[in-house]
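First the structure, in the form of structure tokens, and then the observations on it.
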Amino acid sequence: MNKKLIAVLLIIGFLLTLGLTGCQKAEEKQDGGKTEEKYPSQDITVIIPFTAGGASDVQARIVEKYFKEEFGVNMIITYKEGAGGEVGFTELAKSKTDGYVIGGLNVPHIILQPLARETEFNIDSFAYIGQMVNDPQLVAVLKDSKYNTLQELIDDAKANPGRITLGNVGTFSGHHIASLNFMNLTGTEFTLIPYKGSADQIVALQGGHVNAIMGNLNDVMRDMDKYKILGITTDERHYLAPEVPTFKELGLDMTQGITRLFAAPKDIDPARLARLKEGFEKIAKNPEYLKDMEKIGQPEEWKDGEKVYADLKKEVETATKLLEEYDLLDKK
Amino acid sequence: MLADFFIGFQNALHPMNILIMSLALAGGIAIGTLPGLSATMGVALLVPLTFGMDPATGLLMLGAMYTGAIYGGANSAILINTPGTPSAVCTTFDGYPLTKQGKADEALFTALVSSVIGGIIGTIFLLVATQPLALVSLKFGSPEYFWMAIFGLTIISSLSEGNMIKGLLGGVLGLLLATIGIDPVTGHSRFIFDYRPLIGGITLIPAMIGFFSFAQVLTLVDENQKYLAEYSPNKGVIGKVFGHMLKFSKKNLLRSSLIGTFVGILPGAGGNVASFVAYNEAKRWSKNPETFGKGEIEGVVASESSNNATVSSSLIPLLSLGIPGSPVAAVLLGGLLIHGLQPGAKLFIQTGDIAYTFIIGLIVANLLMLFIGFLGMRLFAQVLNVPSHYIATIVIVLSVIGSYAIRNNLFDIVIMIVCGIVGFITLKVGFEPGPLVLGLILGTLAEEGFSLSLLMAKASGSMFGTFVARPISAFLIFMCIMAIVSPIYVRVKKSRKNKLENA
């Protein structure tokens, strides 16, 4: 090796040390927003913890359309994907609290990940702006499946414990917790198959590789005529699928969905949080926005930040109990 | 349908659309050529631009960008041994040796023509066989993905001929790296050694940029040569390339394009897997397999035609089933939805004119690429007249930007640099990065396929029924066995023949 190369390697080594220490301590918390006459006066960054073009991104893009009109500044979407959203959630929890960084959060991801493993955030790391989407969970089978009602599926699962497969997306995900809840309530045992993404799950269902799926409304509604939706986990019949019976009607007390929220880091200035809440609520109720949401097939449901937080607390309790029951809690 | 087809034809040839496609192609080729900037990123960047456009035009722009970017990866793979996109990894194997031999323009033009032909063949399948191919993609369950990954891993043996132990070690290292992060079944973190940033795992692109681009820079600095390779434009390169391809490459082109088309329809496998498989098959069926890896033009043909064939075929599950079969298709799905188009079979029924405009537009885009790519090629080849210390600097900057931009994650830069140093050192002791990157690509696919199949087997109560007694699985197992046994058979036969002759 010649001298030049050694010099280059040394420089790289030095940079690497810098980088490694930088990563761990990156973006330490700063003090809450300094008082300033006008907020927002610069563009607001929105962290989306999933890939560009994913469902969370598409929804955020719709919000982006109305953002400037409402806040007078641009909304800059940055993607921090990885580990089922954990990378992005962590990033938001550690972001500056001046109100210029907010992010999209997904429930129950932010509840379950801290229960499943050690994480650098939990539901108390955020100040909630509001919920935009509630995509309910449902149980679906193929059109030509032998099951015609949820009860038939449950009966068969009771008779053949562990023999019926139920497709999920991921472990410690909304699908997973909904499946556990479903099995717990009905006293059944399915074999849960955790697919990598909802596309893989839908392929598995359409290809006949799983008996049934616990899926989201958004994933099946594009091709409703290919499936039988046996039941949906909402309180009342859903406006996008009015013919599908709810779990409640079928005697199962279970409401579960994947919800999309917007939130800021916890220590944001309350006045700025209030401004964000007001603006997002206005966007969420804008008829044009609602029309766009219907186009992309995402079930919208606005919920105020305070209510979101109160519900999250309850959900953490139920989820903890459920995971304890199935012995899945991370024993720290 | 026929009416929609003709409307599509007209729309695709509309001057405005041709102009927009040309611009998107040029942008795509540039993004593809720059190491680190990937096709997904390019398409995602353009999506907001389509909001104000007519849906068909927007889709054409995205499609042209995608086509250009997948082809563009070949330019940097050939000229500076750094694949611009993961799909171009195999192009480096023979492309760079060709550059070293002073045949850069020949390799570049071959890559362009192969890409165009692969792209057109893939698009023809998208046009005429969308529904049946989509049904085939549905037949692929977890066991099939597992066997396909295993079959893919057998490619290590042909990538590392004469160097088997090192090849296998590299492949295993790749598989191990792929396990870092979150366990796909239990959801717990593993092998992160309490270092939080590792939770997201080692992703392919930063690792690939490290092993190829960064390691290549270190090699350049180490070699201390003024220029990468001798280069002066060869006269009559067009005629030479066309002549060669017409005479020798027909079978290879067709085979590789079909492999690309088929692999592309599978959600979960993309251009990178396709090009490895096509490269391997080209070598297997070649009369002189020993020339592969040393500047065999057919290697470039195989890699480039197959990866561009995946561009259109990866859209098959999206357009017919509404299921995005690749990261780029997922971005396109977002684009479709925002325009209020419903992907899936309804796309052809309700908005047939748009669907056909898009598909025919892809063919037009491929033809346009022949011209735009040719103009670009001349320009890119000038890189060889730039002193290598400038190139090294530029590639380092691009490597850092590229690995950061893929997930906007500072830690990916660290991964890239570490992989680069490891890659450089291992290259010095005779490890090629190919098997390692292959292990990294296939590791997650194999693991997920295996563990989900185990769950399926548990539910059905039959290991044999889940893993073996499925037609596609059985076929893939047969292919794996052939891939392992046939070289041994050939060798034994050869040595016997030698003995007989010597006797």
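By order of appearance in the structure tokens: chains A, B, ..., then residues from 1 within every chain, and ligands from 1 in the order shown.
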Against chain B, which residues of chain A fall within 8 Å? For each one I want the closest pair of atoms and the distance in Å (one decimal), counting only C-alpha atoms, rows by chain and increasing residue number, as a tab-separated table.
residue	atom	partner	partner_atom	distance
A:Met1	CA	B:Asp222	CA	6.7
A:Asn2	CA	B:Asp222	CA	6.7
A:Lys4	CA	B:Val221	CA	7.2
A:Leu5	CA	B:Asp222	CA	5.7
A:Ile12	CA	B:Ile417	CA	7.8
A:Leu16	CA	B:Val414	CA	6.4
A:Gly19	CA	B:Val414	CA	6.6
A:Leu20	CA	B:Val414	CA	7.1
A:Cys23	CA	B:Phe411	CA	6.2
A:Gln24	CA	B:Pro197	CA	7.4
A:Ala52	CA	B:Ala44	CA	6.2
A:Gly53	CA	B:Val331	CA	3.9
A:Gly54	CA	B:Ala330	CA	6.5
A:Ala55	CA	B:Gly334	CA	7.5
A:Val58	CA	B:Gly334	CA	5.8
A:Ile62	CA	B:Ile338	CA	7.9
A:Thr78	CA	B:Asn408	CA	7.7
A:Tyr79	CA	B:Arg407	CA	6.5
A:Lys80	CA	B:Arg407	CA	5.6
A:Glu81	CA	B:Arg407	CA	6.0
A:Gly82	CA	B:Gly200	CA	4.9
A:Ala83	CA	B:Gly200	CA	4.7
A:Val87	CA	B:Gly200	CA	6.9
A:Ala116	CA	B:His188	CA	6.7
A:Arg117	CA	B:His188	CA	6.2
A:Gly162	CA	B:Ala459	CA	5.6
A:Arg163	CA	B:Ala459	CA	4.3
A:Ile164	CA	B:Ala459	CA	6.3
A:Thr165	CA	B:Ala459	CA	6.6
A:Gly170	CA	B:Pro184	CA	6.9
A:Thr171	CA	B:Gly187	CA	5.1
A:Phe172	CA	B:Gly187	CA	6.2
A:Thr191	CA	B:Ala459	CA	6.1
A:Leu192	CA	B:Leu455	CA	7.7
A:Ile193	CA	B:Leu452	CA	6.2
A:Pro194	CA	B:Val185	CA	6.3
A:Tyr195	CA	B:Leu452	CA	7.9
A:Lys196	CA	B:Pro184	CA	7.4
A:Ala199	CA	B:Ile323	CA	5.5
A:Asp200	CA	B:Pro267	CA	7.2
A:Ile202	CA	B:Ile323	CA	7.6
A:Val203	CA	B:Leu138	CA	5.7
A:Ala204	CA	B:Gly141	CA	6.3
A:Gln206	CA	B:Leu138	CA	6.6
A:Gly207	CA	B:Leu138	CA	4.5
A:His209	CA	B:Gly141	CA	6.1
A:Arg222	CA	B:Gln342	CA	7.0
A:Asp223	CA	B:Gly344	CA	7.4
A:Asp292	CA	B:Ile338	CA	7.6
A:Lys295	CA	B:Gly340	CA	5.1
A:Ile296	CA	B:Leu337	CA	5.0
Can I get the selection written as an mmCIF file, in the first residue's frame, with C-alpha atoms?
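Writing the result to result14.cif gives the following:
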data_model
loop_
_atom_site.group_PDB
_atom_site.id
_atom_site.type_symbol
_atom_site.label_atom_id
_atom_site.label_comp_id
_atom_site.auth_asym_id
_atom_site.auth_seq_id
_atom_site.Cartn_x
_atom_site.Cartn_y
_atom_site.Cartn_z
ATOM 1 C CA MET A 1 0.000 0.000 0.000
ATOM 2 C CA ASN A 2 1.309 3.430 -0.796
ATOM 3 C CA LYS A 4 -1.513 8.182 -0.302
ATOM 4 C CA LEU A 5 -3.796 5.281 0.419
ATOM 5 C CA ILE A 12 -11.903 7.940 6.457
ATOM 6 C CA LEU A 16 -16.189 7.415 10.587
ATOM 7 C CA GLY A 19 -20.122 9.830 12.084
ATOM 8 C CA LEU A 20 -20.655 7.079 14.616
ATOM 9 C CA CYS A 23 -25.447 9.186 14.869
ATOM 10 C CA GLN A 24 -25.976 8.304 18.458
ATOM 11 C CA ALA A 52 -42.511 7.473 -0.746
ATOM 12 C CA GLY A 53 -45.680 6.378 -2.501
ATOM 13 C CA GLY A 54 -46.894 4.308 0.442
ATOM 14 C CA ALA A 55 -50.339 4.804 1.955
ATOM 15 C CA VAL A 58 -50.272 9.410 -0.375
ATOM 16 C CA ILE A 62 -53.292 15.156 -0.074
ATOM 17 C CA THR A 78 -39.132 13.973 4.264
ATOM 18 C CA TYR A 79 -39.074 10.227 4.441
ATOM 19 C CA LYS A 80 -37.388 8.473 7.346
ATOM 20 C CA GLU A 81 -38.285 4.913 6.743
ATOM 21 C CA GLY A 82 -37.151 1.700 8.339
ATOM 22 C CA ALA A 83 -37.993 -0.851 10.999
ATOM 23 C CA VAL A 87 -36.781 5.029 12.558
ATOM 24 C CA ALA A 116 -42.217 -5.326 21.865
ATOM 25 C CA ARG A 117 -38.677 -4.080 22.218
ATOM 26 C CA GLY A 162 -53.877 -24.083 14.612
ATOM 27 C CA ARG A 163 -54.865 -25.528 11.256
ATOM 28 C CA ILE A 164 -56.375 -22.391 9.736
ATOM 29 C CA THR A 165 -53.974 -19.693 8.571
ATOM 30 C CA GLY A 170 -45.802 -7.839 10.301
ATOM 31 C CA THR A 171 -45.535 -8.773 13.947
ATOM 32 C CA PHE A 172 -46.363 -6.276 16.690
ATOM 33 C CA THR A 191 -51.712 -19.820 12.713
ATOM 34 C CA LEU A 192 -50.741 -16.233 12.032
ATOM 35 C CA ILE A 193 -48.593 -15.619 8.958
ATOM 36 C CA PRO A 194 -46.838 -12.242 9.128
ATOM 37 C CA TYR A 195 -46.229 -10.936 5.592
ATOM 38 C CA LYS A 196 -43.788 -8.135 4.915
ATOM 39 C CA ALA A 199 -49.139 -6.105 -1.059
ATOM 40 C CA ASP A 200 -47.604 -9.475 -0.122
ATOM 41 C CA ILE A 202 -53.050 -9.537 -0.696
ATOM 42 C CA VAL A 203 -51.045 -11.678 -3.143
ATOM 43 C CA ALA A 204 -51.128 -14.521 -0.610
ATOM 44 C CA GLN A 206 -55.583 -13.983 -3.946
ATOM 45 C CA GLY A 207 -53.197 -16.843 -4.665
ATOM 46 C CA HIS A 209 -51.774 -19.322 0.138
ATOM 47 C CA ARG A 222 -59.923 -1.811 -4.719
ATOM 48 C CA ASP A 223 -61.181 -5.250 -5.694
ATOM 49 C CA ASP A 292 -59.613 13.697 -2.586
ATOM 50 C CA LYS A 295 -60.518 9.187 -4.448
ATOM 51 C CA ILE A 296 -57.496 7.562 -2.846
#
| said: as a ChimeraX atom specification, please: the residues near B:Asp105 (cut-off 12 Å, only C-alpha atoms, same-chain neighbours under 5 positions excluded). | reply: /B:75,78-79,95-96,98-100,110-112,230-238,240-241,297,374-384
Determine, counting only C-alpha atoms, which protein, DNA and RNA residues have an atom within 8 Å of an atom of A:Leu217; residues of the same chain fewer than 4 positions away are not included. Present the result as a tab-separated table (two decimals) with C-alpha atoms, in the first residue's frame.
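Contents of result_9.tsv, freshly written:
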chain	number	residue	atom	x	y	z
A	135	ASP	CA	-58.52	2.41	8.35
A	136	PRO	CA	-60.46	-0.34	10.12
A	137	GLN	CA	-59.37	-3.96	10.34
A	138	LEU	CA	-61.53	-6.63	8.81
A	221	MET	CA	-61.63	-2.10	-1.34
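When atom CA of B:Leu176 is paired with atom CA of A:Glu120, their separation reads 25.6 Å.
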Computed gap from atom CA of B:Met164 to atom CA of B:Ser76 is 28.0 Å
**Report entry** Sel. of strand (DSSP E) residues, stretch 38-218 of chain A, as an MDAnalysis selection string
**Finding:** chainID A and resid 44:48 75:79 101:107 126:142 165:169 191:195 212:216
Report, in Å to a single decimal, how far apart atom CA of B:Gln225 and atom CA of A:Ile11 are.
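Separating atom CA of A:Ile11 from atom CA of B:Gln225 is a distance of 20.9 Å.
Among the candidate residues A:Ala284, A:Leu252, A:Ala140, A:Ala60, the one lying nearest to A:Asp219 is A:Ala140, with distances computed using only C-alpha atoms.
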Q | Selection near B:Ala88, 8 Å with only C-alpha atoms, sequence-local residues under 2 positions removed, as a VMD selection string | A | chain B and resid 70 73 to 74 77 83 to 86 90 to 92 272 275 303 to 304 307
Nearest to A:Lys65 by atom-to-atom distance, counting only C-alpha atoms, from A:Ile47, A:Ile258, A:Ile283, A:Leu112 |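 Among the listed residues, the smallest separation from A:Lys65 belongs to A:Ile283.
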